[in-house]
$ cat my_file_5.pdb   # PDB, C-alpha atoms, pLDDT in the B column
MODEL        1
ATOM      1  CA  LEU A   1     125.706 142.294  72.588  1.00 70.00           C
ATOM      2  CA  ARG A   2     128.928 140.508  73.551  1.00 69.00           C
ATOM      3  CA  ARG A   3     127.002 138.069  75.762  1.00 75.00           C
ATOM      4  CA  ASP A   4     124.318 137.405  73.152  1.00 78.00           C
ATOM      5  CA  LEU A   5     126.645 136.559  70.258  1.00 73.00           C
ATOM      6  CA  PRO A   6     128.720 133.409  69.927  1.00 75.00           C
ATOM      7  CA  PRO A   7     132.490 134.129  70.158  1.00 71.00           C
ATOM      8  CA  ASP A   8     133.173 133.064  66.572  1.00 74.00           C
ATOM      9  CA  HIS A   9     130.305 135.072  65.061  1.00 70.00           C
ATOM     10  CA  ALA A  10     131.237 137.748  62.457  1.00 78.00           C
ATOM     11  CA  ALA A  11     129.154 140.330  64.315  1.00 76.00           C
ATOM     12  CA  GLN A  12     131.271 139.694  67.438  1.00 73.00           C
ATOM     13  CA  ARG A  13     134.427 140.592  65.494  1.00 73.00           C
ATOM     14  CA  ARG A  14     132.788 143.778  64.168  1.00 75.00           C
ATOM     15  CA  LEU A  15     131.639 144.657  67.681  1.00 73.00           C
ATOM     16  CA  GLU A  16     135.192 144.224  69.013  1.00 74.00           C
ATOM     17  CA  SER A  17     136.517 146.401  66.196  1.00 71.00           C
ATOM     18  CA  ALA A  18     133.969 149.126  66.989  1.00 72.00           C
ATOM     19  CA  ALA A  19     134.738 148.962  70.723  1.00 69.00           C
ATOM     20  CA  SER A  20     138.455 149.230  69.969  1.00 66.00           C
ATOM     21  CA  GLY A  21     137.807 152.319  67.826  1.00 64.00           C
ATOM     22  CA  VAL A  22     135.765 153.940  70.599  1.00 67.00           C
ATOM     23  CA  ASP A  23     138.530 153.237  73.134  1.00 61.00           C
ATOM     24  CA  MET A  24     141.141 154.715  70.790  1.00 59.00           C
ATOM     25  CA  GLY A  25     138.986 157.813  70.255  1.00 59.00           C
ATOM     26  CA  ALA A  26     138.524 158.255  74.007  1.00 54.00           C
ATOM     27  CA  ARG A  27     142.300 158.015  74.569  1.00 58.00           C
ATOM     28  CA  LEU A  28     142.911 160.539  71.794  1.00 54.00           C
ATOM     29  CA  ALA A  29     140.351 162.967  73.258  1.00 53.00           C
ATOM     30  CA  SER A  30     141.957 162.585  76.694  1.00 54.00           C
ATOM     31  CA  GLN A  31     145.427 163.258  75.277  1.00 49.00           C
ATOM     32  CA  LEU A  32     144.233 166.351  73.421  1.00 53.00           C
ATOM     33  CA  LEU A  33     142.543 167.645  76.574  1.00 51.00           C
ATOM     34  CA  ALA A  34     145.817 167.083  78.415  1.00 45.00           C
ATOM     35  CA  PHE A  35     147.749 169.088  75.852  1.00 45.00           C
ATOM     36  CA  ALA A  36     145.206 171.905  76.036  1.00 51.00           C
ATOM     37  CA  SER A  37     145.508 171.825  79.857  1.00 48.00           C
ATOM     38  CA  ARG A  38     141.800 171.135  80.135  1.00 59.00           C
ATOM     39  CA  GLN A  39     141.718 167.568  81.375  1.00 61.00           C
ATOM     40  CA  PRO A  40     139.834 166.911  84.594  1.00 74.00           C
ATOM     41  CA  LEU A  41     142.382 166.478  87.381  1.00 83.00           C
ATOM     42  CA  GLN A  42     141.988 165.312  90.954  1.00 89.00           C
ATOM     43  CA  PRO A  43     145.052 166.813  92.639  1.00 92.00           C
ATOM     44  CA  ARG A  44     146.091 165.777  96.121  1.00 95.00           C
ATOM     45  CA  TRP A  45     149.332 165.722  98.074  1.00 96.00           C
ATOM     46  CA  VAL A  46     151.524 162.954  96.652  1.00 94.00           C
ATOM     47  CA  ASP A  47     154.705 161.418  98.042  1.00 94.00           C
ATOM     48  CA  PHE A  48     156.730 161.022  94.837  1.00 93.00           C
ATOM     49  CA  GLY A  49     159.051 158.368  96.297  1.00 88.00           C
ATOM     50  CA  GLU A  50     156.073 156.254  97.346  1.00 90.00           C
ATOM     51  CA  LEU A  51     154.461 156.764  93.941  1.00 89.00           C
ATOM     52  CA  MET A  52     157.637 155.578  92.204  1.00 85.00           C
ATOM     53  CA  GLY A  53     157.642 152.453  94.367  1.00 77.00           C
ATOM     54  CA  ARG A  54     154.171 151.595  93.041  1.00 75.00           C
ATOM     55  CA  LEU A  55     155.064 151.987  89.351  1.00 67.00           C
ATOM     56  CA  ASP A  56     155.583 148.593  87.753  1.00 59.00           C
ATOM     57  CA  GLY A  57     157.886 147.965  84.851  1.00 59.00           C
ATOM     58  CA  LEU A  58     160.115 151.034  85.067  1.00 66.00           C
ATOM     59  CA  SER A  59     163.283 149.059  85.608  1.00 62.00           C
ATOM     60  CA  GLY A  60     162.261 146.763  82.756  1.00 60.00           C
ATOM     61  CA  GLY A  61     165.442 144.752  82.450  1.00 62.00           C
ATOM     62  CA  GLY A  62     167.137 143.624  79.289  1.00 67.00           C
ATOM     63  CA  ALA A  63     169.864 145.943  78.021  1.00 80.00           C
ATOM     64  CA  PHE A  64     168.672 148.837  80.203  1.00 83.00           C
ATOM     65  CA  THR A  65     170.010 149.973  83.532  1.00 87.00           C
ATOM     66  CA  PHE A  66     167.514 151.971  85.569  1.00 87.00           C
ATOM     67  CA  ARG A  67     168.685 154.336  88.291  1.00 90.00           C
ATOM     68  CA  LEU A  68     166.304 156.063  90.672  1.00 90.00           C
ATOM     69  CA  ASP A  69     167.706 159.011  92.648  1.00 92.00           C
ATOM     70  CA  ILE A  70     165.162 160.709  94.910  1.00 92.00           C
ATOM     71  CA  GLN A  71     166.419 163.363  97.306  1.00 94.00           C
ATOM     72  CA  GLN A  72     165.844 162.631 100.979  1.00 94.00           C
ATOM     73  CA  GLY A  73     163.122 164.871 102.388  1.00 95.00           C
ATOM     74  CA  LEU A  74     161.554 165.486  98.984  1.00 95.00           C
ATOM     75  CA  TRP A  75     158.611 167.849  99.287  1.00 97.00           C
ATOM     76  CA  PRO A  76     155.193 166.400  98.533  1.00 96.00           C
ATOM     77  CA  LEU A  77     153.681 167.259  95.155  1.00 94.00           C
ATOM     78  CA  PHE A  78     150.160 168.637  94.739  1.00 94.00           C
ATOM     79  CA  ALA A  79     149.171 166.741  91.617  1.00 93.00           C
ATOM     80  CA  ASP A  80     146.845 164.144  90.198  1.00 92.00           C
ATOM     81  CA  ALA A  81     148.660 160.901  91.085  1.00 92.00           C
ATOM     82  CA  ARG A  82     147.214 158.892  88.174  1.00 89.00           C
ATOM     83  CA  HIS A  83     148.253 161.493  85.598  1.00 89.00           C
ATOM     84  CA  LEU A  84     151.644 161.920  87.277  1.00 93.00           C
ATOM     85  CA  GLN A  85     152.239 158.174  86.963  1.00 91.00           C
ATOM     86  CA  GLY A  86     151.212 158.353  83.304  1.00 87.00           C
ATOM     87  CA  MET A  87     153.613 161.246  82.707  1.00 89.00           C
ATOM     88  CA  ILE A  88     156.542 159.337  84.220  1.00 92.00           C
ATOM     89  CA  SER A  89     155.642 156.209  82.229  1.00 88.00           C
ATOM     90  CA  ARG A  90     155.534 158.210  78.961  1.00 86.00           C
ATOM     91  CA  LEU A  91     158.863 159.883  79.644  1.00 90.00           C
ATOM     92  CA  VAL A  92     160.478 156.555  80.505  1.00 88.00           C
ATOM     93  CA  ALA A  93     159.003 154.933  77.360  1.00 84.00           C
ATOM     94  CA  ASN A  94     160.369 157.786  75.213  1.00 84.00           C
ATOM     95  CA  ALA A  95     163.780 157.485  76.865  1.00 87.00           C
ATOM     96  CA  ARG A  96     163.862 153.736  76.214  1.00 86.00           C
ATOM     97  CA  ALA A  97     162.876 154.275  72.584  1.00 83.00           C
ATOM     98  CA  ALA A  98     165.790 156.716  72.276  1.00 84.00           C
ATOM     99  CA  MET A  99     168.165 154.003  73.524  1.00 89.00           C
ATOM    100  CA  ALA A 100     167.263 151.221  71.106  1.00 81.00           C
ATOM    101  CA  GLY A 101     170.496 149.333  71.828  1.00 83.00           C
ATOM    102  CA  GLY A 102     170.240 149.716  75.604  1.00 86.00           C
ATOM    103  CA  GLY A 103     171.803 152.130  78.011  1.00 90.00           C
ATOM    104  CA  THR A 104     171.247 153.848  81.335  1.00 91.00           C
ATOM    105  CA  LEU A 105     168.074 155.649  82.240  1.00 91.00           C
ATOM    106  CA  ASN A 106     168.213 157.960  85.247  1.00 92.00           C
ATOM    107  CA  LEU A 107     165.128 159.237  87.027  1.00 93.00           C
ATOM    108  CA  GLN A 108     165.936 161.977  89.524  1.00 94.00           C
ATOM    109  CA  ALA A 109     163.813 164.123  91.816  1.00 95.00           C
ATOM    110  CA  ARG A 110     165.004 166.983  94.000  1.00 97.00           C
ATOM    111  CA  ASN A 111     163.697 170.041  95.805  1.00 97.00           C
ATOM    112  CA  CYS A 112     164.438 173.468  94.361  1.00 96.00           C
ATOM    113  CA  THR A 113     163.361 177.004  95.142  1.00 97.00           C
ATOM    114  CA  LEU A 114     163.145 179.201  92.060  1.00 96.00           C
ATOM    115  CA  ASP A 115     162.959 182.993  91.914  1.00 96.00           C
ATOM    116  CA  ASP A 116     161.505 185.263  89.229  1.00 95.00           C
ATOM    117  CA  ALA A 117     164.868 185.595  87.459  1.00 95.00           C
ATOM    118  CA  GLN A 118     165.206 181.796  87.147  1.00 95.00           C
ATOM    119  CA  LEU A 119     161.664 181.579  85.788  1.00 95.00           C
ATOM    120  CA  ALA A 120     161.990 184.417  83.272  1.00 92.00           C
ATOM    121  CA  GLY A 121     161.447 182.072  80.315  1.00 90.00           C
ATOM    122  CA  GLN A 122     158.398 180.389  81.853  1.00 92.00           C
ATOM    123  CA  PRO A 123     155.351 182.636  81.428  1.00 90.00           C
ATOM    124  CA  GLY A 124     152.647 182.245  84.062  1.00 89.00           C
ATOM    125  CA  VAL A 125     154.855 180.293  86.462  1.00 92.00           C
ATOM    126  CA  LYS A 126     155.299 181.814  89.917  1.00 92.00           C
ATOM    127  CA  ALA A 127     158.450 181.902  92.010  1.00 95.00           C
ATOM    128  CA  GLY A 128     158.455 179.399  94.840  1.00 96.00           C
ATOM    129  CA  ARG A 129     159.152 175.840  95.862  1.00 96.00           C
ATOM    130  CA  TYR A 130     159.208 173.158  93.180  1.00 96.00           C
ATOM    131  CA  VAL A 131     160.127 169.520  92.845  1.00 96.00           C
ATOM    132  CA  GLU A 132     162.357 168.999  89.823  1.00 96.00           C
ATOM    133  CA  ILE A 133     161.851 165.640  88.122  1.00 95.00           C
ATOM    134  CA  CYS A 134     164.461 164.674  85.530  1.00 95.00           C
ATOM    135  CA  VAL A 135     164.418 161.773  83.099  1.00 93.00           C
ATOM    136  CA  ILE A 136     167.889 161.399  81.598  1.00 94.00           C
ATOM    137  CA  ASP A 137     168.893 158.783  79.039  1.00 93.00           C
ATOM    138  CA  ASP A 138     171.968 157.730  77.034  1.00 90.00           C
ATOM    139  CA  GLY A 139     170.161 158.083  73.691  1.00 88.00           C
ATOM    140  CA  ALA A 140     171.575 159.881  70.673  1.00 84.00           C
ATOM    141  CA  GLY A 141     169.636 163.042  71.489  1.00 88.00           C
ATOM    142  CA  MET A 142     167.378 165.238  69.400  1.00 87.00           C
ATOM    143  CA  SER A 143     168.284 167.554  66.581  1.00 88.00           C
ATOM    144  CA  PRO A 144     167.472 171.265  67.039  1.00 91.00           C
ATOM    145  CA  GLU A 145     164.538 170.829  64.616  1.00 90.00           C
ATOM    146  CA  VAL A 146     163.076 167.960  66.652  1.00 86.00           C
ATOM    147  CA  LEU A 147     163.576 169.892  69.916  1.00 88.00           C
ATOM    148  CA  GLU A 148     161.664 172.811  68.435  1.00 88.00           C
ATOM    149  CA  HIS A 149     158.589 170.669  67.666  1.00 86.00           C
ATOM    150  CA  ALA A 150     158.771 167.979  70.367  1.00 85.00           C
ATOM    151  CA  PHE A 151     155.750 169.211  72.361  1.00 85.00           C
ATOM    152  CA  GLU A 152     153.476 169.793  69.372  1.00 84.00           C
ATOM    153  CA  PRO A 153     150.521 167.415  69.179  1.00 81.00           C
ATOM    154  CA  PHE A 154     150.964 164.687  66.550  1.00 79.00           C
ATOM    155  CA  PHE A 155     154.664 165.450  66.042  1.00 76.00           C
ATOM    156  CA  THR A 156     156.660 162.236  66.166  1.00 77.00           C
ATOM    157  CA  THR A 157     159.889 160.844  64.822  1.00 71.00           C
ATOM    158  CA  ARG A 158     158.538 157.305  65.358  1.00 68.00           C
ATOM    159  CA  ARG A 159     155.512 157.199  63.068  1.00 61.00           C
ATOM    160  CA  SER A 160     156.831 153.950  61.534  1.00 59.00           C
ATOM    161  CA  VAL A 161     156.247 152.153  64.853  1.00 60.00           C
ATOM    162  CA  GLY A 162     152.768 153.595  65.347  1.00 57.00           C
ATOM    163  CA  ALA A 163     153.622 156.447  67.723  1.00 66.00           C
ATOM    164  CA  SER A 164     150.803 159.017  67.893  1.00 65.00           C
ATOM    165  CA  GLY A 165     152.958 162.044  68.627  1.00 67.00           C
ATOM    166  CA  LEU A 166     150.876 162.890  71.675  1.00 72.00           C
ATOM    167  CA  GLY A 167     153.054 161.578  74.522  1.00 78.00           C
ATOM    168  CA  LEU A 168     155.254 164.639  75.056  1.00 85.00           C
ATOM    169  CA  SER A 169     152.432 167.074  74.309  1.00 86.00           C
ATOM    170  CA  GLU A 170     150.350 165.321  76.963  1.00 86.00           C
ATOM    171  CA  VAL A 171     153.223 165.550  79.452  1.00 89.00           C
ATOM    172  CA  TYR A 172     153.599 169.261  78.657  1.00 89.00           C
ATOM    173  CA  GLY A 173     149.875 169.951  79.140  1.00 88.00           C
ATOM    174  CA  PHE A 174     149.662 168.030  82.410  1.00 88.00           C
ATOM    175  CA  VAL A 175     152.705 169.754  83.899  1.00 91.00           C
ATOM    176  CA  ARG A 176     151.458 173.215  82.868  1.00 89.00           C
ATOM    177  CA  GLN A 177     147.967 172.501  84.213  1.00 88.00           C
ATOM    178  CA  SER A 178     149.563 171.395  87.485  1.00 90.00           C
ATOM    179  CA  GLY A 179     151.392 174.725  87.856  1.00 91.00           C
ATOM    180  CA  GLY A 180     154.810 173.584  86.683  1.00 93.00           C
ATOM    181  CA  PHE A 181     156.887 173.815  83.538  1.00 94.00           C
ATOM    182  CA  VAL A 182     158.948 171.567  81.295  1.00 92.00           C
ATOM    183  CA  VAL A 183     162.527 172.039  80.109  1.00 92.00           C
ATOM    184  CA  LEU A 184     163.713 169.780  77.304  1.00 90.00           C
ATOM    185  CA  GLU A 185     167.434 169.405  76.674  1.00 90.00           C
ATOM    186  CA  SER A 186     169.420 167.289  74.258  1.00 88.00           C
TER     187      SER A 186
ENDMDL
END
$ encode --input "my_file_5.pdb" --output "C-alpha cells"
Amino acid sequence: LRRDLPPDHAAQRRLESAASGVDMGARLASQLLAFASRQPLQPRWVDFGELMGRLDGLSGGGAFTFRLDIQQGLWPLFADARHLQGMISRLVANARAAMAGGGTLNLQARNCTLDDAQLAGQPGVKAGRYVEICVIDDGAGMSPEVLEHAFEPFFTTRRSVGASGLGLSEVYGFVRQSGGFVVLES
C-alpha cells in the first residue's frame, strides 16, 4: 500500500498511523513476555566486555560522566546478547533519567561465587558462579514505596514523559529467565 499511494495522500497518513500502532503493540507484547519470563531467547556464550564495546551511546556526553569498570578475566555469560544489550540500555536510560541535572553513571561487572546462604532471598536461584553487573548513578534515589513497586509492569514515576513502566519489569523478567536475579538498592 505504501508504494501505491502518493506520499501526501490521506490514506498514506492513516496507513503510517496504523503501522505505528502495530509496532507499539508488538513492543508491548514483547515487554510483557519478558516480564513473564516467557520471551523467546537465543542464549550463547557472551563476552560482556566485548558486548559493552559494541553498545553505542552509553557514554552520551553532556552533563554525564560515564565510567565502565569491567573486571579482568570476567567469566563469559550464557545469555541472549540482544536482550542483554537491551537490558543494559534500559538500566542506563533509567539512571540518566534519575540524574536530570547530570552526574556520574558507573557500570561495573565482576565475577562472584555465591553459596546457598547468600542466595537465601532469591527463590529458584542456584549456588554457583555469577557475573554481577551493577549500574550505579548519582540520582536522588527511590523512596521505599517506589522500591517496593519498581519491577511491577506499568509502574512508573515518569508517566508525564511517556514512560510505559515496563523497562525495569522487562529487565527483571529477562534476568530471571536467564537464571540470575536482580537486587535494587537506593
$ atom_distance --input "my_file_5.pdb" --atom1 "CA of Glu50 in chain A" --atom2 "CA of Met87 in chain A"
15.7 Å
$ resolve_selection --input "my_file_5.pdb" --expression "the PyMOL selection byres ((chain A and resi 119) around 12)" --output "number ranges by chain"
A: 113-118, 120-130, 180-183
$ closest_residue --input "my_file_5.pdb" --among "A:Pro43, A:Ala97, A:Ala81, A:Gly49" --to "Phe64 in chain A" --atoms "only C-alpha atoms"
A:Ala97
$ atom_distance --input "my_file_5.pdb" --atom1 "CA of Leu51 in chain A" --atom2 "CA of Phe154 in chain A"
28.7 Å
$ atom_distance --input "my_file_5.pdb" --atom1 "CA of Asn94 in chain A" --atom2 "CA of Asn106 in chain A"
12.7 Å
$ closest_residue --input "my_file_5.pdb" --among "A:Leu105, A:Leu41, A:Val175, A:Cys112" --to "Phe66 in chain A" --atoms "all atoms listed in the file"
A:Leu105
$ axis_aligned_box --input "my_file_5.pdb" --around "range 45-54 of chain A" --padding-each-side "8 Å" --output "AutoDock Vina command-line options"
--center_x 154.2 --center_y 158.7 --center_z 95.1 --size_x 25.7 --size_y 30.1 --size_z 21.9
$ resolve_selection --input "my_file_5.pdb" --expression "the PyMOL selection byres ((chain A and resi 152) around 9)" --output "VMD selection string"
chain A and resid 35 148 to 151 153 to 156 165 to 166 168 to 169
$ resolve_selection --input "my_file_5.pdb" --expression "the PyMOL selection byres ((chain A and resi 136) around 8)" --output "CSV table (one decimal) with C-alpha atoms, keeping the file's coordinate frame"
chain,number,residue,atom,x,y,z
A,95,ALA,CA,163.8,157.5,76.9
A,105,LEU,CA,168.1,155.6,82.2
A,106,ASN,CA,168.2,158.0,85.2
A,107,LEU,CA,165.1,159.2,87.0
A,134,CYS,CA,164.5,164.7,85.5
A,135,VAL,CA,164.4,161.8,83.1
A,137,ASP,CA,168.9,158.8,79.0
A,138,ASP,CA,172.0,157.7,77.0
$ closest_residue --input "my_file_5.pdb" --among "A:Gln72, A:Phe48, A:Val92, A:Leu147" --to "Ser186 in chain A" --atoms "all atoms listed in the file"
A:Leu147
$ closest_residue --input "my_file_5.pdb" --among "A:Arg3, A:His9, A:Arg54, A:His83" --to "Gln177 in chain A" --atoms "all atoms listed in the file"
A:His83
$ closest_residue --input "my_file_5.pdb" --among "A:Leu1, A:Leu84, A:Val171, A:Ala140" --to "Arg44 in chain A" --atoms "all atoms listed in the file"
A:Leu84
$ closest_residue --input "my_file_5.pdb" --among "A:Arg96, A:Arg110, A:Arg90, A:Arg14" --to "Tyr172 in chain A" --atoms "only C-alpha atoms"
A:Arg90
$ build_atoms --input "my_file_5.pdb" --residues "range 75-106 of chain A" --atoms "N, CA and C atoms" --output "short mmCIF file (atom, residue, chain, number, x, y, z; two decimals), in the coordinates of the input"
data_model
loop_
_atom_site.label_atom_id
_atom_site.label_comp_id
_atom_site.auth_asym_id
_atom_site.auth_seq_id
_atom_site.Cartn_x
_atom_site.Cartn_y
_atom_site.Cartn_z
N TRP A 75 159.89 167.25 98.97
CA TRP A 75 158.61 167.85 99.29
C TRP A 75 157.48 167.08 98.60
N PRO A 76 156.32 167.03 99.22
CA PRO A 76 155.19 166.40 98.53
C PRO A 76 154.75 167.25 97.33
N LEU A 77 154.18 166.59 96.36
CA LEU A 77 153.68 167.26 95.16
C LEU A 77 152.16 167.38 95.26
N PHE A 78 151.61 168.50 94.83
CA PHE A 78 150.16 168.64 94.74
C PHE A 78 149.80 168.40 93.29
N ALA A 79 149.41 167.15 93.01
CA ALA A 79 149.17 166.74 91.62
C ALA A 79 148.20 165.57 91.59
N ASP A 80 147.69 165.30 90.43
CA ASP A 80 146.84 164.14 90.20
C ASP A 80 147.78 162.94 90.07
N ALA A 81 147.71 162.02 91.03
CA ALA A 81 148.66 160.90 91.08
C ALA A 81 148.58 160.02 89.84
N ARG A 82 147.37 159.76 89.35
CA ARG A 82 147.21 158.89 88.17
C ARG A 82 147.87 159.52 86.95
N HIS A 83 147.65 160.82 86.74
CA HIS A 83 148.25 161.49 85.60
C HIS A 83 149.77 161.65 85.78
N LEU A 84 150.21 161.83 87.01
CA LEU A 84 151.64 161.92 87.28
C LEU A 84 152.32 160.59 86.94
N GLN A 85 151.70 159.49 87.32
CA GLN A 85 152.24 158.17 86.96
C GLN A 85 152.29 158.01 85.44
N GLY A 86 151.24 158.44 84.77
CA GLY A 86 151.21 158.35 83.30
C GLY A 86 152.31 159.18 82.67
N MET A 87 152.56 160.37 83.23
CA MET A 87 153.61 161.25 82.71
C MET A 87 154.98 160.56 82.84
N ILE A 88 155.26 160.01 84.00
CA ILE A 88 156.54 159.34 84.22
C ILE A 88 156.66 158.15 83.26
N SER A 89 155.61 157.37 83.13
CA SER A 89 155.64 156.21 82.23
C SER A 89 155.92 156.63 80.79
N ARG A 90 155.31 157.74 80.33
CA ARG A 90 155.53 158.21 78.96
C ARG A 90 156.98 158.67 78.78
N LEU A 91 157.49 159.40 79.75
CA LEU A 91 158.86 159.88 79.64
C LEU A 91 159.85 158.72 79.64
N VAL A 92 159.60 157.72 80.47
CA VAL A 92 160.48 156.56 80.50
C VAL A 92 160.38 155.79 79.19
N ALA A 93 159.17 155.63 78.65
CA ALA A 93 159.00 154.93 77.36
C ALA A 93 159.74 155.68 76.25
N ASN A 94 159.65 157.00 76.23
CA ASN A 94 160.37 157.79 75.21
C ASN A 94 161.88 157.63 75.38
N ALA A 95 162.34 157.64 76.62
CA ALA A 95 163.78 157.49 76.86
C ALA A 95 164.26 156.12 76.39
N ARG A 96 163.49 155.08 76.67
CA ARG A 96 163.86 153.74 76.21
C ARG A 96 163.89 153.65 74.70
N ALA A 97 162.91 154.28 74.05
CA ALA A 97 162.88 154.28 72.58
C ALA A 97 164.10 154.98 72.02
N ALA A 98 164.60 155.98 72.73
CA ALA A 98 165.79 156.72 72.28
C ALA A 98 167.06 155.89 72.44
N MET A 99 166.99 154.85 73.27
CA MET A 99 168.16 154.00 73.52
C MET A 99 167.89 152.60 73.00
N ALA A 100 167.66 152.49 71.70
CA ALA A 100 167.26 151.22 71.11
C ALA A 100 168.23 150.08 71.44
N GLY A 101 169.51 150.37 71.55
CA GLY A 101 170.50 149.33 71.83
C GLY A 101 170.77 149.14 73.30
N GLY A 102 170.01 149.81 74.17
CA GLY A 102 170.24 149.72 75.60
C GLY A 102 170.95 150.95 76.11
N GLY A 103 171.14 151.00 77.40
CA GLY A 103 171.80 152.13 78.01
C GLY A 103 171.31 152.34 79.43
N THR A 104 171.62 153.51 79.97
CA THR A 104 171.25 153.85 81.33
C THR A 104 170.18 154.93 81.31
N LEU A 105 169.15 154.69 82.08
CA LEU A 105 168.07 155.65 82.24
C LEU A 105 168.07 156.10 83.70
N ASN A 106 168.21 157.40 83.90
CA ASN A 106 168.21 157.96 85.25
C ASN A 106 166.92 158.73 85.48
#
